$ cat model_2.pdb   # PDB, C-alpha atoms
ATOM      1  CA  MET A   1      62.338 129.214 -29.035
ATOM      2  CA  SER A   2      65.939 128.548 -27.991
ATOM      3  CA  GLU A   3      67.841 125.522 -29.284
ATOM      4  CA  SER A   4      68.338 122.550 -26.996
ATOM      5  CA  PRO A   5      71.908 122.283 -25.662
ATOM      6  CA  ILE A   6      74.257 119.724 -27.157
ATOM      7  CA  ARG A   7      74.488 116.922 -24.591
ATOM      8  CA  VAL A   8      78.041 115.622 -24.168
ATOM      9  CA  LEU A   9      79.218 112.517 -22.336
ATOM     10  CA  TRP A  10      82.946 112.994 -21.675
ATOM     11  CA  LEU A  11      84.890 109.990 -20.368
ATOM     12  CA  THR A  12      88.227 110.957 -18.819
ATOM     13  CA  PRO A  13      91.069 109.187 -17.005
ATOM     14  CA  ASP A  14      90.033 108.152 -13.513
ATOM     15  CA  LYS A  15      92.222 110.612 -11.610
ATOM     16  CA  PRO A  16      91.497 112.846  -8.605
ATOM     17  CA  GLU A  17      89.758 116.061  -9.619
ATOM     18  CA  ASP A  18      92.491 118.230  -8.105
ATOM     19  CA  ILE A  19      95.264 116.391  -9.978
ATOM     20  CA  SER A  20      93.887 116.192 -13.501
ATOM     21  CA  VAL A  21      92.093 119.473 -14.167
ATOM     22  CA  GLY A  22      92.518 120.122 -17.884
ATOM     23  CA  ARG A  23      89.450 118.307 -19.162
ATOM     24  CA  ARG A  24      87.336 119.903 -16.439
ATOM     25  CA  LYS A  25      88.487 123.354 -17.549
ATOM     26  CA  ILE A  26      87.499 122.654 -21.158
ATOM     27  CA  ALA A  27      84.160 121.240 -19.988
ATOM     28  CA  GLU A  28      83.551 124.389 -17.952
ATOM     29  CA  TYR A  29      84.269 126.497 -21.020
ATOM     30  CA  LEU A  30      81.864 124.407 -23.124
ATOM     31  CA  MET A  31      79.127 124.852 -20.542
ATOM     32  CA  THR A  32      79.531 128.631 -20.760
ATOM     33  CA  GLN A  33      78.863 128.202 -24.479
ATOM     34  CA  GLY A  34      75.579 126.373 -23.874
ATOM     35  CA  PHE A  35      76.696 122.723 -23.864
ATOM     36  CA  ASP A  36      75.385 120.212 -21.328
ATOM     37  CA  VAL A  37      78.514 118.268 -20.328
ATOM     38  CA  THR A  38      78.666 115.157 -18.131
ATOM     39  CA  LEU A  39      82.295 114.514 -17.138
ATOM     40  CA  ARG A  40      83.110 111.022 -15.812
ATOM     41  CA  GLY A  41      86.260 109.232 -14.796
ATOM     42  CA  THR A  42      86.445 105.934 -16.664
ATOM     43  CA  THR A  43      85.943 102.840 -14.506
ATOM     44  CA  PRO A  44      83.957  99.623 -15.024
ATOM     45  CA  ARG A  45      81.224 101.117 -12.824
ATOM     46  CA  THR A  46      80.930 104.368 -14.786
ATOM     47  CA  LEU A  47      81.009 102.447 -18.057
ATOM     48  CA  VAL A  48      78.044 100.340 -16.932
ATOM     49  CA  GLN A  49      76.282 103.472 -15.710
ATOM     50  CA  SER A  50      76.826 105.155 -19.080
ATOM     51  CA  MET A  51      75.535 102.103 -20.935
ATOM     52  CA  ARG A  52      72.164 102.638 -19.255
ATOM     53  CA  GLU A  53      71.934 106.192 -20.575
ATOM     54  CA  ARG A  54      71.727 105.499 -24.268
ATOM     55  CA  ASN A  55      69.313 108.314 -25.095
ATOM     56  CA  SER A  56      70.817 110.928 -22.780
ATOM     57  CA  TYR A  57      73.610 112.244 -25.034
ATOM     58  CA  ASP A  58      74.180 113.647 -28.497
ATOM     59  CA  VAL A  59      77.925 113.033 -28.691
ATOM     60  CA  VAL A  60      80.614 111.070 -26.838
ATOM     61  CA  VAL A  61      84.078 112.399 -26.015
ATOM     62  CA  GLY A  62      86.793 109.995 -24.876
ATOM     63  CA  THR A  63      90.158 111.033 -23.456
ATOM     64  CA  THR A  64      93.068 108.657 -23.834
ATOM     65  CA  ARG A  65      93.613 106.139 -22.727
ATOM     66  CA  ALA A  66      90.742 104.357 -21.055
ATOM     67  CA  GLY A  67      88.268 107.122 -21.845
ATOM     68  CA  ALA A  68      88.924 106.925 -25.571
ATOM     69  CA  ILE A  69      88.594 103.148 -25.636
ATOM     70  CA  ALA A  70      85.420 103.140 -23.529
ATOM     71  CA  GLY A  71      84.053 106.118 -25.456
ATOM     72  CA  THR A  72      84.517 104.265 -28.734
ATOM     73  CA  LEU A  73      82.492 101.339 -27.392
ATOM     74  CA  LEU A  74      79.704 103.639 -26.201
ATOM     75  CA  SER A  75      79.626 105.576 -29.444
ATOM     76  CA  VAL A  76      79.059 102.325 -31.348
ATOM     77  CA  VAL A  77      76.400 101.125 -28.894
ATOM     78  CA  PHE A  78      74.657 104.515 -28.839
ATOM     79  CA  SER A  79      75.103 105.177 -32.589
ATOM     80  CA  LYS A  80      76.369 108.633 -31.633
ATOM     81  CA  PRO A  81      79.304 110.636 -33.008
ATOM     82  CA  LEU A  82      82.662 110.351 -31.264
ATOM     83  CA  LEU A  83      85.383 112.881 -30.526
ATOM     84  CA  VAL A  84      88.656 111.352 -29.349
ATOM     85  CA  ASP A  85      90.676 113.618 -27.074
ATOM     86  CA  HIS A  86      94.214 112.249 -27.454
ATOM     87  CA  ILE A  87      96.405 113.944 -24.848
ATOM     88  CA  ASP A  88      99.099 111.385 -23.946
ATOM     89  CA  PRO A  89     101.692 109.846 -26.293
ATOM     90  CA  ILE A  90     101.767 106.058 -26.429
ATOM     91  CA  ARG A  91     105.516 106.299 -25.737
ATOM     92  CA  GLN A  92     104.841 107.210 -22.114
ATOM     93  CA  PHE A  93     102.562 104.225 -21.622
ATOM     94  CA  SER A  94     105.001 101.845 -23.340
ATOM     95  CA  GLU A  95     107.867 103.010 -21.127
ATOM     96  CA  THR A  96     105.960 102.300 -17.919
ATOM     97  CA  HIS A  97     103.983  99.150 -18.796
ATOM     98  CA  PRO A  98     104.861  95.665 -20.091
ATOM     99  CA  ARG A  99     104.621  94.933 -23.803
ATOM    100  CA  TRP A 100     101.753  92.468 -23.308
ATOM    101  CA  LEU A 101      99.672  95.427 -22.103
ATOM    102  CA  SER A 102     101.056  98.350 -24.103
ATOM    103  CA  LEU A 103     100.658  96.609 -27.478
ATOM    104  CA  PRO A 104      96.882  95.943 -27.188
ATOM    105  CA  VAL A 105      96.370  99.443 -25.782
ATOM    106  CA  ARG A 106      98.121 100.876 -28.843
ATOM    107  CA  LEU A 107      95.919  98.786 -31.123
ATOM    108  CA  LEU A 108      92.725  99.794 -29.315
ATOM    109  CA  GLU A 109      93.737 103.443 -29.569
ATOM    110  CA  ASN A 110      94.245 102.992 -33.300
ATOM    111  CA  VAL A 111      90.731 101.580 -33.536
ATOM    112  CA  SER A 112      89.346 104.570 -31.634
ATOM    113  CA  PHE A 113      91.111 106.949 -34.037
ATOM    114  CA  ALA A 114      89.661 105.094 -37.015
ATOM    115  CA  LEU A 115      86.099 105.107 -35.676
ATOM    116  CA  ALA A 116      86.142 108.686 -34.382
ATOM    117  CA  ASP A 117      84.431 111.472 -36.280
ATOM    118  CA  HIS A 118      87.241 113.805 -35.201
ATOM    119  CA  VAL A 119      90.489 113.311 -33.255
ATOM    120  CA  LEU A 120      92.080 116.180 -31.358
ATOM    121  CA  TYR A 121      95.686 115.420 -30.440
ATOM    122  CA  VAL A 122      98.434 117.282 -28.584
ATOM    123  CA  TYR A 123     101.847 115.760 -29.316
ATOM    124  CA  ASP A 124     103.849 116.200 -32.525
ATOM    125  CA  GLU A 125     105.209 112.667 -32.114
ATOM    126  CA  GLU A 126     101.659 111.275 -32.361
ATOM    127  CA  ALA A 127     100.705 113.163 -35.539
ATOM    128  CA  GLN A 128     101.742 110.463 -38.009
ATOM    129  CA  ARG A 129      99.975 107.655 -36.130
ATOM    130  CA  VAL A 130      96.789 109.657 -35.562
ATOM    131  CA  ARG A 131      96.557 110.890 -39.150
ATOM    132  CA  ARG A 132      97.216 107.389 -40.493
ATOM    133  CA  TYR A 133      93.937 106.156 -38.962
ATOM    134  CA  ALA A 134      91.708 109.191 -38.342
ATOM    135  CA  ARG A 135      89.340 110.505 -40.986
ATOM    136  CA  LEU A 136      89.753 113.999 -39.492
ATOM    137  CA  ALA A 137      92.443 115.167 -37.041
ATOM    138  CA  THR A 138      93.410 118.513 -35.553
ATOM    139  CA  GLN A 139      96.381 119.326 -33.369
ATOM    140  CA  THR A 140      95.606 121.255 -30.196
ATOM    141  CA  ASP A 141      97.433 121.862 -26.913
ATOM    142  CA  LEU A 142      97.141 121.794 -23.158
ATOM    143  CA  GLY A 143      96.130 125.040 -21.525
ATOM    144  CA  VAL A 144      96.298 127.003 -18.313
ATOM    145  CA  SER A 145      93.953 129.288 -16.369
ATOM    146  CA  PHE A 146      96.451 132.099 -16.748
ATOM    147  CA  ASP A 147      94.718 134.919 -14.865
ATOM    148  CA  ARG A 148      93.794 132.706 -11.930
ATOM    149  CA  PHE A 149      97.422 131.699 -11.472
ATOM    150  CA  ALA A 150      98.959 135.067 -12.302
ATOM    151  CA  ASN A 151      96.597 137.081 -10.081
ATOM    152  CA  PRO A 152      95.101 134.970  -7.283
ATOM    153  CA  SER A 153      92.961 136.598  -4.617
ATOM    154  CA  ASP A 154      94.416 137.747  -1.310
ATOM    155  CA  GLU A 155      92.294 135.067   0.355
ATOM    156  CA  THR A 156      93.936 132.367  -1.768
ATOM    157  CA  LEU A 157      97.418 133.707  -1.022
ATOM    158  CA  ASN A 158      96.759 133.989   2.695
ATOM    159  CA  ARG A 159      95.207 130.519   2.969
ATOM    160  CA  ALA A 160      98.271 128.898   1.391
ATOM    161  CA  GLN A 161     100.693 130.960   3.445
ATOM    162  CA  ARG A 162      98.959 130.011   6.694
ATOM    163  CA  ARG A 163      99.240 126.317   5.819
ATOM    164  CA  LEU A 164     102.931 126.696   4.979
ATOM    165  CA  ASP A 165     103.524 128.628   8.199
ATOM    166  CA  ASP A 166     101.822 125.845  10.147
ATOM    167  CA  GLU A 167     104.243 123.391   8.530
ATOM    168  CA  GLY A 168     107.224 125.566   9.429
ATOM    169  CA  VAL A 169     108.136 126.295   5.813
ATOM    170  CA  ALA A 170     110.504 129.261   5.487
ATOM    171  CA  GLY A 171     113.423 130.390   3.336
ATOM    172  CA  ASN A 172     114.009 129.011  -0.176
ATOM    173  CA  VAL A 173     111.131 126.858  -1.451
ATOM    174  CA  VAL A 174     111.024 124.537  -4.475
ATOM    175  CA  ILE A 175     107.546 123.198  -5.231
ATOM    176  CA  TYR A 176     106.199 120.189  -7.119
ATOM    177  CA  VAL A 177     102.508 119.922  -7.986
ATOM    178  CA  GLY A 178     101.107 116.827  -9.678
ATOM    179  CA  GLY A 179     100.979 113.049  -9.771
ATOM    180  CA  LEU A 180     103.254 110.930  -7.604
ATOM    181  CA  GLU A 181     104.102 108.179 -10.085
ATOM    182  CA  PRO A 182     107.463 106.764 -11.270
ATOM    183  CA  ILE A 183     107.181 108.570 -14.626
ATOM    184  CA  TYR A 184     107.534 111.893 -12.759
ATOM    185  CA  ASN A 185     110.883 110.859 -11.201
ATOM    186  CA  ILE A 186     109.810 111.884  -7.711
ATOM    187  CA  GLU A 187     112.425 109.694  -6.034
ATOM    188  CA  HIS A 188     115.241 111.543  -7.834
ATOM    189  CA  LEU A 189     113.772 114.832  -6.625
ATOM    190  CA  LEU A 190     113.645 113.600  -3.033
ATOM    191  CA  GLU A 191     117.274 112.505  -3.228
ATOM    192  CA  ALA A 192     118.267 115.886  -4.660
ATOM    193  CA  MET A 193     117.068 117.537  -1.451
ATOM    194  CA  THR A 194     119.989 115.956   0.419
ATOM    195  CA  TYR A 195     122.162 118.493  -1.458
ATOM    196  CA  LEU A 196     119.925 121.457  -0.577
ATOM    197  CA  SER A 197     119.992 121.947   3.179
ATOM    198  CA  ASP A 198     118.979 125.598   2.795
ATOM    199  CA  TRP A 199     115.919 124.777   0.647
ATOM    200  CA  THR A 200     112.546 123.179   1.413
ATOM    201  CA  LEU A 201     110.711 120.947  -1.053
ATOM    202  CA  VAL A 202     106.924 121.300  -0.878
ATOM    203  CA  VAL A 203     104.980 118.514  -2.619
ATOM    204  CA  LEU A 204     101.287 118.716  -3.541
ATOM    205  CA  GLY A 205      99.657 115.666  -5.092
ATOM    206  CA  THR A 206      98.884 111.993  -4.756
ATOM    207  CA  GLY A 207      99.702 108.725  -6.496
ATOM    208  CA  GLY A 208     101.521 105.431  -6.209
ATOM    209  CA  LEU A 209     104.617 106.960  -4.576
ATOM    210  CA  GLU A 210     102.666 108.765  -1.868
ATOM    211  CA  SER A 211     104.073 106.560   0.892
ATOM    212  CA  GLN A 212     107.672 107.262  -0.186
ATOM    213  CA  VAL A 213     107.039 110.997  -0.211
ATOM    214  CA  SER A 214     105.288 110.863   3.145
ATOM    215  CA  THR A 215     108.179 108.859   4.618
ATOM    216  CA  ALA A 216     110.717 111.366   3.286
ATOM    217  CA  ALA A 217     108.701 114.236   4.756
ATOM    218  CA  THR A 218     108.705 112.523   8.159
ATOM    219  CA  ALA A 219     112.435 111.778   8.039
ATOM    220  CA  ARG A 220     113.718 115.120   6.675
ATOM    221  CA  GLU A 221     113.166 118.654   7.823
ATOM    222  CA  ASN A 222     113.453 120.055   4.282
ATOM    223  CA  VAL A 223     110.680 117.935   2.683
ATOM    224  CA  VAL A 224     107.037 118.866   3.313
ATOM    225  CA  TYR A 225     104.181 116.789   1.892
ATOM    226  CA  LEU A 226     100.760 118.448   1.899
ATOM    227  CA  GLY A 227      98.838 115.788  -0.052
ATOM    228  CA  THR A 228      96.137 117.064  -2.371
ATOM    229  CA  VAL A 229      94.742 120.549  -1.912
ATOM    230  CA  PRO A 230      91.807 122.194  -3.726
ATOM    231  CA  HIS A 231      92.990 123.201  -7.175
ATOM    232  CA  ASP A 232      91.734 126.717  -6.564
ATOM    233  CA  ASP A 233      94.323 126.990  -3.762
ATOM    234  CA  VAL A 234      97.292 125.881  -5.868
ATOM    235  CA  PRO A 235      98.124 129.409  -7.136
ATOM    236  CA  GLY A 236      98.605 130.527  -3.532
ATOM    237  CA  TYR A 237     101.192 127.833  -2.896
ATOM    238  CA  LEU A 238     103.008 128.617  -6.129
ATOM    239  CA  HIS A 239     103.224 132.313  -5.243
ATOM    240  CA  ALA A 240     104.861 131.325  -1.944
ATOM    241  CA  ALA A 241     107.597 129.324  -3.744
ATOM    242  CA  ASP A 242     110.879 130.323  -5.373
ATOM    243  CA  VAL A 243     111.191 127.582  -8.023
ATOM    244  CA  GLY A 244     108.769 125.127  -9.659
ATOM    245  CA  ILE A 245     110.027 121.735 -10.816
ATOM    246  CA  SER A 246     108.940 119.070 -13.328
ATOM    247  CA  LEU A 247     111.069 115.977 -13.939
ATOM    248  CA  VAL A 248     108.899 114.191 -16.509
ATOM    249  CA  ASP A 249     110.248 113.874 -20.059
ATOM    250  CA  ASP A 250     107.318 115.707 -21.603
ATOM    251  CA  ALA A 251     106.945 118.964 -23.510
ATOM    252  CA  HIS A 252     103.256 119.418 -22.635
ATOM    253  CA  THR A 253     102.944 119.372 -18.859
ATOM    254  CA  LEU A 254     100.262 121.600 -17.390
ATOM    255  CA  LYS A 255     102.304 122.205 -14.247
ATOM    256  CA  VAL A 256     105.025 124.009 -16.210
ATOM    257  CA  LEU A 257     102.449 126.421 -17.664
ATOM    258  CA  GLU A 258     101.049 126.991 -14.174
ATOM    259  CA  TYR A 259     104.521 127.686 -12.798
ATOM    260  CA  GLY A 260     105.170 130.070 -15.683
ATOM    261  CA  SER A 261     101.877 131.912 -15.207
ATOM    262  CA  VAL A 262     102.843 132.673 -11.621
ATOM    263  CA  GLY A 263     106.278 133.867 -12.697
ATOM    264  CA  LEU A 264     108.191 131.037 -11.049
ATOM    265  CA  PRO A 265     111.580 129.975 -12.400
ATOM    266  CA  VAL A 266     111.113 126.464 -13.823
ATOM    267  CA  VAL A 267     113.409 123.432 -13.608
ATOM    268  CA  GLN A 268     112.584 120.835 -16.267
ATOM    269  CA  LEU A 269     114.083 117.473 -17.195
ATOM    270  CA  ARG A 270     116.202 117.486 -20.340
ATOM    271  CA  GLY A 271     114.528 115.862 -23.341
ATOM    272  CA  HIS A 272     111.318 116.550 -25.205
ATOM    273  CA  ALA A 273     110.647 119.887 -23.476
ATOM    274  CA  GLU A 274     113.906 121.534 -24.564
ATOM    275  CA  GLY A 275     112.623 122.525 -27.986
ATOM    276  CA  ARG A 276     109.526 124.165 -26.535
ATOM    277  CA  PHE A 277     111.015 125.912 -23.512
ATOM    278  CA  SER A 278     114.591 126.586 -24.591
ATOM    279  CA  GLY A 279     115.748 129.807 -22.980
ATOM    280  CA  LEU A 280     112.716 129.854 -20.681
ATOM    281  CA  ALA A 281     113.488 127.028 -18.230
ATOM    282  CA  THR A 282     116.569 125.534 -16.573
ATOM    283  CA  PHE A 283     117.170 121.971 -17.775
ATOM    284  CA  CYS A 284     118.860 119.125 -15.915
ATOM    285  CA  SER A 285     119.530 115.400 -15.951
ATOM    286  CA  LEU A 286     118.151 112.978 -13.364
ATOM    287  CA  ASP A 287     121.370 113.015 -11.369
ATOM    288  CA  PRO A 288     120.291 114.306  -7.923
ATOM    289  CA  ALA A 289     123.292 116.622  -7.660
ATOM    290  CA  ALA A 290     122.445 118.084 -11.088
ATOM    291  CA  ILE A 291     118.824 118.599 -10.036
ATOM    292  CA  ALA A 292     119.972 120.455  -6.921
ATOM    293  CA  GLU A 293     122.318 122.641  -8.952
ATOM    294  CA  ALA A 294     119.560 123.421 -11.463
ATOM    295  CA  ILE A 295     117.202 124.508  -8.679
ATOM    296  CA  GLN A 296     119.770 126.955  -7.369
ATOM    297  CA  THR A 297     120.660 128.192 -10.848
ATOM    298  CA  ALA A 298     117.012 128.688 -11.835
ATOM    299  CA  LYS A 299     116.366 131.038  -8.949
ATOM    300  CA  GLU A 300     119.442 133.128  -9.773
ATOM    301  CA  THR A 301     119.229 133.338 -13.579
ATOM    302  CA  THR A 302     115.711 132.776 -14.946
ATOM    303  CA  ASP A 303     113.925 135.500 -16.929
ATOM    304  CA  THR A 304     110.504 134.880 -15.402
ATOM    305  CA  ALA A 305     108.820 137.563 -17.522
ATOM    306  CA  ALA A 306     109.593 135.607 -20.703
ATOM    307  CA  MET A 307     108.188 132.370 -19.268
ATOM    308  CA  ARG A 308     105.070 134.161 -18.063
ATOM    309  CA  ALA A 309     104.486 135.659 -21.517
ATOM    310  CA  ALA A 310     104.888 132.211 -23.106
ATOM    311  CA  SER A 311     102.392 130.664 -20.677
ATOM    312  CA  LYS A 312      99.791 133.344 -21.353
ATOM    313  CA  ARG A 313      99.445 132.124 -24.948
ATOM    314  CA  TYR A 314      97.930 128.852 -23.692
ATOM    315  CA  ASP A 315      94.872 130.112 -21.830
ATOM    316  CA  TRP A 316      92.122 127.454 -21.606
ATOM    317  CA  ALA A 317      89.565 129.624 -23.410
ATOM    318  CA  SER A 318      91.528 129.500 -26.664
ATOM    319  CA  ILE A 319      91.919 125.710 -26.326
ATOM    320  CA  GLY A 320      88.216 125.312 -25.524
ATOM    321  CA  GLN A 321      87.217 127.074 -28.744
ATOM    322  CA  VAL A 322      88.824 124.257 -30.745
ATOM    323  CA  TYR A 323      86.764 121.645 -28.881
ATOM    324  CA  GLU A 324      83.593 123.695 -29.265
ATOM    325  CA  SER A 325      84.027 123.974 -33.022
ATOM    326  CA  ALA A 326      84.801 120.263 -33.422
ATOM    327  CA  LEU A 327      81.788 119.183 -31.352
ATOM    328  CA  ARG A 328      79.325 121.467 -33.093
ATOM    329  CA  THR A 329      80.542 120.264 -36.489
ATOM    330  CA  ILE A 330      80.312 116.531 -35.827
ATOM    331  CA  VAL A 331      76.893 116.814 -34.186
ATOM    332  CA  THR A 332      75.572 118.892 -37.094
ATOM    333  CA  ASP A 333      77.002 116.424 -39.624
ATOM    334  CA  GLN A 334      75.241 113.570 -37.824
ATOM    335  CA  GLN A 335      71.804 115.215 -38.084
TER     336      GLN A 335
END
$ encode --input "model_2.pdb" --output "structure tokens"
Amino acid sequence: MSESPIRVLWLTPDKPEDISVGRRKIAEYLMTQGFDVTLRGTTPRTLVQSMRERNSYDVVVGTTRAGAIAGTLLSVVFSKPLLVDHIDPIRQFSETHPRWLSLPVRLLENVSFALADHVLYVYDEEAQRVRRYARLATQTDLGVSFDRFANPSDETLNRAQRRLDDEGVAGNVVIYVGGLEPIYNIEHLLEAMTYLSDWTLVVLGTGGLESQVSTAATARENVVYLGTVPHDDVPGYLHAADVGISLVDDAHTLKVLEYGSVGLPVVQLRGHAEGRFSGLATFCSLDPAAIAEAIQTAKETTDTAAMRAASKRYDWASIGQVYESALRTIVTDQQ
């Protein structure tokens, strides 16, 4: 008689499915290994819904920030083990939110670390804080579906190219894929396009700055905003571009690994990413003229083979194995 699958409730940030894909990719891997995973964006409604399902799960996973805090509450209510999936440094939240909010969020995260059976974290800068509170902590990483981005189907390539043709996109293309929030410095990127009359910026994504991007796309011939597209189509758009760009001060952005898997030259904001991608990406400040220069330089000088090889080391399957091991261990220890 086969064993019953481990039933996992995974609370994630409440983001569009085609913008935040990493947790879904790990969940898909876990399901191939026999887990029963329920993935939910964290909102008051989904928290209430989960409260009614006390006997439906064997373990709770919570992704920072809201997911970890809500997951901690549910794990206490359910008397079930908890895995905290800590993927974002508190620094980013503190830089974009007032102190009256960032301080209690930091404290609640600390509580979730302390109550968790295991904490998986990504950032070096968070290691000391996590290990101060957690009884067990393991550093992991963000991953990429390397083969899907490196070798998309002809159908995927053709579908993206038809959409770009419909939008009149031709010549040099720089692409941005991801959230449209102030932390990603989208407005600086839009301004940089005033220096690049022979380039087109293609933007895929959604967020709080969507109206500014849409307005820029209406006003300028060299800015095209496509909104969100199915994540399975993203590789096709990347293969049609000449440069991929990321202007967030972060060493662990999924979009950079996706750009690298395709073989795109990458432009990245100077800062935390320099240690990780030195020699692999072209770095710049937030000065729009410097961004424009970096885009042009990246196309002319980048060794894309080296960046592709670096990206291949972060395939989601290898990341998923860490989560699988942690979940099996804490569920077994609870029995």
$ atom_distance --input "model_2.pdb" --atom1 "CA of Gly179 (chain A)" --atom2 "CA of Asp14 (chain A)"
12.6 Å
$ atom_distance --input "model_2.pdb" --atom1 "CA of Ile175 (chain A)" --atom2 "CA of Leu280 (chain A)"
17.6 Å
$ atom_distance --input "model_2.pdb" --atom1 "CA of Leu47 (chain A)" --atom2 "CA of Ala66 (chain A)"
10.4 Å
$ closest_residue --input "model_2.pdb" --among "A:Thr138, A:Arg148, A:Glu191, A:Gly236" --to "Leu164 (chain A)" --atoms "only C-alpha atoms"
A:Gly236
$ resolve_selection --input "model_2.pdb" --expression "the PyMOL selection byres ((chain A and resi 306) around 10)" --output "JSON, numbers by chain"
{"A": [260, 263, 279, 280, 281, 302, 303, 304, 305, 307, 308, 309, 310, 311]}
$ resolve_selection --input "model_2.pdb" --expression "the PyMOL selection byres ((chain A and resi 226-235) around 9)" --output "compact mmCIF listing (two decimals) with C-alpha atoms, in the frame of the given file"
# COMPACT_ATOMS: atom_id res chain seq x y z
CA PRO A 16 91.50 112.85 -8.60
CA GLU A 17 89.76 116.06 -9.62
CA ASP A 18 92.49 118.23 -8.10
CA ILE A 19 95.26 116.39 -9.98
CA VAL A 21 92.09 119.47 -14.17
CA ARG A 148 93.79 132.71 -11.93
CA PHE A 149 97.42 131.70 -11.47
CA ALA A 150 98.96 135.07 -12.30
CA ASN A 151 96.60 137.08 -10.08
CA PRO A 152 95.10 134.97 -7.28
CA THR A 156 93.94 132.37 -1.77
CA LEU A 157 97.42 133.71 -1.02
CA ARG A 159 95.21 130.52 2.97
CA ALA A 160 98.27 128.90 1.39
CA ARG A 163 99.24 126.32 5.82
CA GLU A 167 104.24 123.39 8.53
CA VAL A 177 102.51 119.92 -7.99
CA GLY A 178 101.11 116.83 -9.68
CA VAL A 202 106.92 121.30 -0.88
CA VAL A 203 104.98 118.51 -2.62
CA LEU A 204 101.29 118.72 -3.54
CA GLY A 205 99.66 115.67 -5.09
CA THR A 206 98.88 111.99 -4.76
CA GLU A 210 102.67 108.76 -1.87
CA SER A 214 105.29 110.86 3.14
CA VAL A 224 107.04 118.87 3.31
CA TYR A 225 104.18 116.79 1.89
CA GLY A 236 98.60 130.53 -3.53
CA TYR A 237 101.19 127.83 -2.90
CA LEU A 238 103.01 128.62 -6.13
CA HIS A 239 103.22 132.31 -5.24
CA ALA A 240 104.86 131.32 -1.94
CA GLU A 258 101.05 126.99 -14.17
CA TYR A 259 104.52 127.69 -12.80
CA VAL A 262 102.84 132.67 -11.62
$ closest_residue --input "model_2.pdb" --among "A:Gly62, A:Lys312, A:Glu181, A:Leu189" --to "Gln268 (chain A)" --atoms "all atoms listed in the file"
A:Leu189
$ closest_residue --input "model_2.pdb" --among "A:Arg129, A:Ser94, A:Ser112, A:Asp117" --to "Leu73 (chain A)" --atoms "only C-alpha atoms"
A:Ser112
